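Asker: This structure is in structure tokens; I'll ask about it shortly.
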Amino acid sequence: MLRLAVPARHAATEKRDSVALDLPPAYDAGAAEAAWAAHGPAAAFLGHLAGGGAPRAVWSAAPGTDWPRLVAQAVAATVASGRGALVVVPDGKDVTRVDAALTAVLGTDEHVVLTADAGPAKRYRDFLAVSRGRRGVVVGTRAAAFAPVAGLGLVVIWDDGDDLHAEPRAPYPHAREVLLLRAEREGAAALVGGFAVSVEAEQLVRTGWAHLLAASRGVLRERVTTSVAGADEHALARDPLARVTRVPTEVHRTIRDALAAGPVLVQTPRSGYAAALACERCRTPARCRVCAGPLALAAATAPPTCRWCGTADEAWACPECGHRGLRAPVLGETRTAEELGRAFPGTVVRTSGGDRVLATVDAEPAIVVATPGAEPVAEGGFTAVVLLDTWLVLGLAHLRAEEEALRRWSNAVALVRPGGRAVVVGDPAHPAVQALVRWDPAGFAAREAGQRREAHLPPASRLATITGEPGAVDDALTLLAAPTGLEVLGPVAHGGDGESRAVVRVPRAHGAELSRALGEVQRVRSARKLDAVRIQIDPPTL
């Protein structure tokens with residue numbers, strides 16, 4: 001925990017005097033309320049912050065919202081009350097946007113940025129400025145959730161459903177849980193925001209711990225119009241293949257019309273060129289003859305190459321039918337950009353994904369093909385957004401597959417300019433697609449939460465996984481003092497390296513008791529120097 005919370009010491013920086021403490025900037029209440037005007041009772045939320053209160057809210061941002069500016073105004077209201085604020089976002093691209101918004105609202109050098117990319121000297125200097133009380137506003141990624149802000153008055157987490165907020169190293173803290181614990185213990189306000197609403201955020205609203213800040217239906221109708229290709233009989237009459245074609249006629253028509261006014265965003269869930277290959281005749285998956293790994297194409301002129309061992313197979317032939325032709329059932333953003341470039345000659349086509357992520361694009365007409373999380377921000381917003389291959393995300397064997405799909409789609413659609421349009425290529429009857437068309441993330445989160453309660457899954461229950469060697473897992477279960485309502489599932493084989501995993505769960509009311517019992521198991525096993533087991537409470541996925 002200390003490794004996560006405290007950056008590496010930089011002795012030369014520590015010896016220097018820290019930055020001077022400036023007077024807090026003046027707070028413009030009118031500008032703050034104008035920025036938040038579209039989101040329901042936000043004026044009352046800002047008023048409580050400026051008055052030294054500790055309101056708690058789950059914020060479902062409307063499409064087209066300049067969310068960094070709204071976060072900066074909430075921080076300014078907190079600073080006006082003489083308190084500090086802490087903002088945690090998923091990645092460096094979001095940090096840059098919030099950094100610019102805080103500078104515009106608070107002024108220069110009124111906050112610090114805590115990220116690993118800053119370098120050891122600057123990062124430690126900024127950390128000292130916070131720990132010594134010289135700066136009271138912090139923005140950063142998940143490790144910044146531990147920043148020692150003096151007089152903490154507001155914690156903000158943006159897009160809390162993003163898996164980047166979950167620390168992959170033991171003890172696996174989640175930035176949202178850290179911030180909510182700090183808000184509860186330090187009497188600070190809390191703002192859990194995003195274009196989508198996570199199941200955990202919905203529980204905060206359902207239990208009364210927080211209130212929902214959301215735009216009215218009238219505002220949502222003005223911001224964006226979302227439709228599904230081939231959703232009705234009239235659309236199918238115009239294009240009978242709309243539900244089976246990857247890029248239906250309606251998508252081509254939408255892109256063509258939208259390019260007349262500005263850039264168009266096309267989201268596809270896979271990066272690369274052709275991430276998977278199969279026999280063109282019998283559809284048998286193409287496998288490497290050396291290690292049986294999947295073959296893929298890196299470019300149009302590249303030979304099929306194994307994704308596991310890197311062996312190229314220029315003379316591949318199907319082992320079932322002998323055919324040498326290949327097809328790509330799943331296309332990446334590079335191949336998608338190539339196809340759209342042929343369909344719209346003379347149009348600039350850009351890609352954003354993998355190692356080449358665009359932060360921004362200008363307002364000139366262009367097609368931007370991006371993977372989820374790599375979508376750039378367009379100057380003035382995109383004129384249209386197209387979502388391709390939605391079945392791929394929904395088909396993942398993942399506890400949060402539908403929730404994650406809606407989050408990714410919402411983040412892309414939210415980049416449209418006011419009055420723009422979004423087109424989804426997918427099943428119009430799927431609940432996640434319907435929630436996107438209605439722009440009802442809170443309602444979808446409530447539906448997901450209901451299913452979790454029926455299945456006794458988090459956040460309705462407190463759940464933990466115990467993973468390790470089979471004997472070590474059995475021994476840990478033997479040492480576990482049974483909390484009230486304990487249920488043990490397994491252990492079962494986990495992974496391909498001989499490990500096993502057990503799942504233990506209790507009603508949420510007894511979650512703290514389970515945590516204490518698991519902590520005692522780890523202490524006893526560590527003292528006896530037994531084989532280690534990995535314990536994770538409420539893992540993001542099973």
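Each chain in the structure tokens gets a letter, A, B and so on, in the order shown; residues start at 1 in every chain, and ligands are counted from 1 in the order they appear.
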Please, which residues of region 99-277 of chain A, numbered as in this document, come out helix (DSSP H, G or I) from DSSP, as a ChimeraX atom specification?

Answerer: /A:99-106,116-118,120-131,142-146,163-165,175-186,199-206,217-223,233-238,249-259

Asker: Write to file, as a compact mmCIF listing (two decimals), in the first residue's frame, the residues of the selection just made, with C-alpha atoms.

Answerer:
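This went into selection-v8.txt:
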# COMPACT_ATOMS: atom_id res chain seq x y z
CA ASP A 99 -5.27 19.69 -16.17
CA ALA A 100 -6.12 22.21 -18.91
CA ALA A 101 -9.63 22.77 -17.50
CA LEU A 102 -8.33 23.35 -13.95
CA THR A 103 -5.77 25.83 -15.26
CA ALA A 104 -8.50 27.71 -17.13
CA VAL A 105 -10.82 27.86 -14.10
CA LEU A 106 -8.41 28.12 -11.15
CA ALA A 116 4.03 8.16 -13.23
CA ASP A 117 4.93 9.84 -16.55
CA ALA A 118 5.98 13.08 -14.83
CA PRO A 120 10.86 11.10 -10.46
CA ALA A 121 11.92 14.67 -9.63
CA LYS A 122 8.75 16.46 -10.69
CA ARG A 123 6.49 13.77 -9.30
CA TYR A 124 8.17 13.88 -5.89
CA ARG A 125 8.17 17.69 -5.90
CA ASP A 126 4.43 17.76 -6.56
CA PHE A 127 3.86 15.08 -3.93
CA LEU A 128 5.75 17.19 -1.36
CA ALA A 129 3.70 20.24 -2.32
CA VAL A 130 0.55 18.27 -1.46
CA SER A 131 1.86 16.56 1.67
CA ARG A 142 -5.44 5.62 -9.87
CA ALA A 143 -2.37 6.02 -7.61
CA ALA A 144 -3.39 9.64 -6.99
CA ALA A 145 -6.36 8.34 -4.96
CA PHE A 146 -3.93 8.09 -2.00
CA ASP A 163 -10.77 -1.24 -15.60
CA LEU A 164 -7.77 1.12 -15.50
CA HIS A 165 -9.02 2.24 -12.07
CA ALA A 175 -9.65 3.90 -7.03
CA ARG A 176 -13.42 4.26 -6.56
CA GLU A 177 -13.41 2.30 -3.31
CA VAL A 178 -10.39 4.22 -1.98
CA LEU A 179 -12.01 7.58 -2.74
CA LEU A 180 -15.38 6.63 -1.28
CA LEU A 181 -13.72 5.38 1.91
CA ARG A 182 -11.82 8.65 2.19
CA ALA A 183 -14.97 10.68 1.61
CA GLU A 184 -16.80 8.74 4.33
CA ARG A 185 -13.98 8.92 6.88
CA GLU A 186 -12.89 12.52 6.21
CA VAL A 199 -23.55 -1.05 -11.11
CA GLU A 200 -21.56 0.05 -8.06
CA ALA A 201 -22.52 3.69 -8.65
CA GLU A 202 -26.18 2.67 -9.06
CA GLN A 203 -26.04 0.99 -5.65
CA LEU A 204 -24.84 4.25 -4.10
CA VAL A 205 -27.99 5.91 -5.46
CA ARG A 206 -30.32 3.02 -4.61
CA ARG A 217 -35.06 13.93 -21.58
CA GLY A 218 -35.45 17.20 -23.47
CA VAL A 219 -31.74 17.97 -23.18
CA LEU A 220 -30.84 14.44 -24.26
CA ARG A 221 -33.05 14.67 -27.36
CA GLU A 222 -31.34 17.91 -28.34
CA ARG A 223 -27.84 16.51 -27.88
CA GLU A 233 -39.34 -2.82 -41.46
CA HIS A 234 -38.85 0.41 -43.44
CA ALA A 235 -35.08 0.27 -42.98
CA LEU A 236 -35.01 -3.42 -43.92
CA ALA A 237 -37.09 -2.71 -47.02
CA ARG A 238 -34.47 -0.19 -48.17
CA THR A 249 -26.09 1.16 -46.54
CA GLU A 250 -27.50 3.33 -43.74
CA VAL A 251 -24.00 3.69 -42.27
CA HIS A 252 -22.55 4.71 -45.64
CA ARG A 253 -25.33 7.27 -46.06
CA THR A 254 -24.81 8.65 -42.53
CA ILE A 255 -21.05 9.01 -43.02
CA ARG A 256 -21.50 10.67 -46.41
CA ASP A 257 -24.01 13.21 -45.12
CA ALA A 258 -22.04 13.94 -41.92
CA LEU A 259 -18.75 14.51 -43.75

Asker: Considering only C-alpha atoms, return as a list in words whatever protein or nucleic-acid residues lie within 7 Å of Gln73 (chain A), sequence-local ones (same chain, fewer than 4 positions apart) excluded.

Answerer: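 Contacts, with the query itself left out: Ala32, Arg69, Ala77 and Val105 of chain A.
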
Asker: So that I have them on file, write out the residues from the current selection with N, CA, C and O atoms, as an mmCIF file, in the first residue's frame.

Answerer:
data_model
loop_
_atom_site.group_PDB
_atom_site.id
_atom_site.type_symbol
_atom_site.label_atom_id
_atom_site.label_comp_id
_atom_site.auth_asym_id
_atom_site.auth_seq_id
_atom_site.Cartn_x
_atom_site.Cartn_y
_atom_site.Cartn_z
ATOM 1 N N ALA A 32 -20.143 28.608 -12.867
ATOM 2 C CA ALA A 32 -20.258 27.206 -12.479
ATOM 3 C C ALA A 32 -21.677 26.690 -12.716
ATOM 4 O O ALA A 32 -21.870 25.603 -13.274
ATOM 5 N N ARG A 69 -14.465 20.570 -17.888
ATOM 6 C CA ARG A 69 -14.804 21.922 -17.431
ATOM 7 C C ARG A 69 -15.773 21.860 -16.251
ATOM 8 O O ARG A 69 -15.651 22.637 -15.292
ATOM 9 N N ALA A 77 -15.632 25.355 -6.672
ATOM 10 C CA ALA A 77 -16.592 25.588 -5.588
ATOM 11 C C ALA A 77 -16.052 25.056 -4.265
ATOM 12 O O ALA A 77 -16.246 25.669 -3.207
ATOM 13 N N VAL A 105 -9.864 27.430 -15.117
ATOM 14 C CA VAL A 105 -10.820 27.859 -14.098
ATOM 15 C C VAL A 105 -10.114 28.405 -12.855
ATOM 16 O O VAL A 105 -10.495 29.454 -12.311
#

Asker: For region 193-197 of chain A, list every protein, DNA or RNA residue within 8 Å, evaluated using only C-alpha atoms, and leave out those in the same chain fewer than 3 positions away; present the list as an MDAnalysis selection string.

Answerer: chainID A and resid 58:63 156:161 201:202 406:407 410:411 414 441:442 445

Asker: Using N, CA, C and O atoms, can you write the selected residues to a file as a compact mmCIF listing (two decimals), in the first residue's frame?

Answerer:
# COMPACT_ATOMS: atom_id res chain seq x y z
N VAL A 58 -23.91 10.83 -7.87
CA VAL A 58 -23.53 10.04 -9.03
C VAL A 58 -23.96 10.82 -10.25
O VAL A 58 -25.14 11.15 -10.39
N TRP A 59 -23.03 11.13 -11.09
CA TRP A 59 -23.27 12.05 -12.21
C TRP A 59 -23.30 11.28 -13.53
O TRP A 59 -22.30 10.71 -13.95
N SER A 60 -24.48 11.24 -14.15
CA SER A 60 -24.64 10.65 -15.48
C SER A 60 -24.57 11.78 -16.49
O SER A 60 -25.56 12.48 -16.74
N ALA A 61 -23.40 11.99 -17.08
CA ALA A 61 -23.18 13.13 -17.96
C ALA A 61 -23.91 12.94 -19.29
O ALA A 61 -23.98 11.83 -19.84
N ALA A 62 -24.46 14.03 -19.80
CA ALA A 62 -25.18 14.00 -21.07
C ALA A 62 -24.19 13.97 -22.23
O ALA A 62 -23.04 14.43 -22.10
N PRO A 63 -24.58 13.43 -23.38
CA PRO A 63 -23.69 13.43 -24.55
C PRO A 63 -23.29 14.86 -24.92
O PRO A 63 -24.07 15.80 -24.77
N VAL A 156 -13.38 13.18 -6.61
CA VAL A 156 -14.05 13.00 -7.90
C VAL A 156 -13.40 11.83 -8.61
O VAL A 156 -12.17 11.74 -8.68
N ILE A 157 -14.20 10.93 -9.12
CA ILE A 157 -13.69 9.87 -10.00
C ILE A 157 -14.52 9.90 -11.27
O ILE A 157 -15.75 9.96 -11.23
N TRP A 158 -13.81 9.90 -12.40
CA TRP A 158 -14.49 9.94 -13.69
C TRP A 158 -14.40 8.56 -14.35
O TRP A 158 -13.36 7.94 -14.37
N ASP A 159 -15.53 8.11 -14.89
CA ASP A 159 -15.61 6.84 -15.62
C ASP A 159 -15.15 5.70 -14.71
O ASP A 159 -14.21 4.97 -15.02
N ASP A 160 -15.85 5.55 -13.59
CA ASP A 160 -15.40 4.58 -12.59
C ASP A 160 -15.49 3.14 -13.05
O ASP A 160 -14.91 2.25 -12.43
N GLY A 161 -16.23 2.87 -14.14
CA GLY A 161 -16.31 1.51 -14.66
C GLY A 161 -15.10 1.09 -15.47
O GLY A 161 -14.97 -0.09 -15.82
N ALA A 201 -22.00 2.33 -8.82
CA ALA A 201 -22.52 3.69 -8.65
C ALA A 201 -24.04 3.66 -8.48
O ALA A 201 -24.60 4.44 -7.69
N GLU A 202 -24.72 2.77 -9.20
CA GLU A 202 -26.18 2.67 -9.06
C GLU A 202 -26.56 2.26 -7.65
O GLU A 202 -27.56 2.73 -7.10
N LEU A 406 -21.86 -1.15 -22.98
CA LEU A 406 -22.58 0.12 -22.94
C LEU A 406 -21.65 1.27 -22.54
O LEU A 406 -21.78 2.38 -23.07
N ARG A 407 -20.71 1.01 -21.65
CA ARG A 407 -19.77 2.06 -21.26
C ARG A 407 -18.91 2.51 -22.44
O ARG A 407 -18.72 3.70 -22.68
N SER A 410 -21.15 4.40 -24.96
CA SER A 410 -21.55 5.71 -24.45
C SER A 410 -20.41 6.71 -24.54
O SER A 410 -20.61 7.87 -24.90
N ASN A 411 -19.20 6.28 -24.21
CA ASN A 411 -18.05 7.18 -24.29
C ASN A 411 -17.80 7.64 -25.72
O ASN A 411 -17.34 8.77 -25.93
N ALA A 414 -20.81 10.03 -26.80
CA ALA A 414 -20.75 11.30 -26.08
C ALA A 414 -19.84 12.31 -26.77
O ALA A 414 -19.90 13.50 -26.44
N PRO A 441 -28.43 5.15 -19.13
CA PRO A 441 -27.43 4.34 -18.43
C PRO A 441 -27.83 3.99 -17.01
O PRO A 441 -27.50 2.91 -16.51
N ALA A 442 -28.55 4.89 -16.34
CA ALA A 442 -28.97 4.60 -14.97
C ALA A 442 -29.98 3.46 -14.93
O ALA A 442 -29.91 2.58 -14.07
N ALA A 445 -28.13 0.22 -15.54
CA ALA A 445 -27.38 -0.18 -14.36
C ALA A 445 -28.31 -0.78 -13.30
O ALA A 445 -27.95 -1.74 -12.62

Asker: Could you please determine the separation between CA of Pro41 (chain A) and CA of Gly208 (chain A) in Å, to one decimal place?

Answerer: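 Calculated distance between CA of Pro41 (chain A) and CA of Gly208 (chain A) is 15.7 Å.
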
Asker: What does the structure give for the distance between CA of His456 (chain A) and CA of Arg505 (chain A), in Å to one decimal?

Answerer: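 Atom-to-atom, CA of His456 (chain A) to CA of Arg505 (chain A), that is 8.3 Å.
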
Asker: So which residues touch Arg421 (chain A) within 7 Å, counting only C-alpha atoms, skipping near sequence neighbours fewer than 4 positions away, as a list in words?

Answerer: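 The residues satisfying every condition are Val224, Thr225, Thr226, Thr383, Ala384 and Val385 of chain A.
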
Asker: Considering only strand (DSSP E or B) as DSSP defines it on the backbone, what residues of region 443-525 of chain A qualify? List them as a PyMOL selection string.

Answerer: chain A and resi 461-468+487-494+499-507
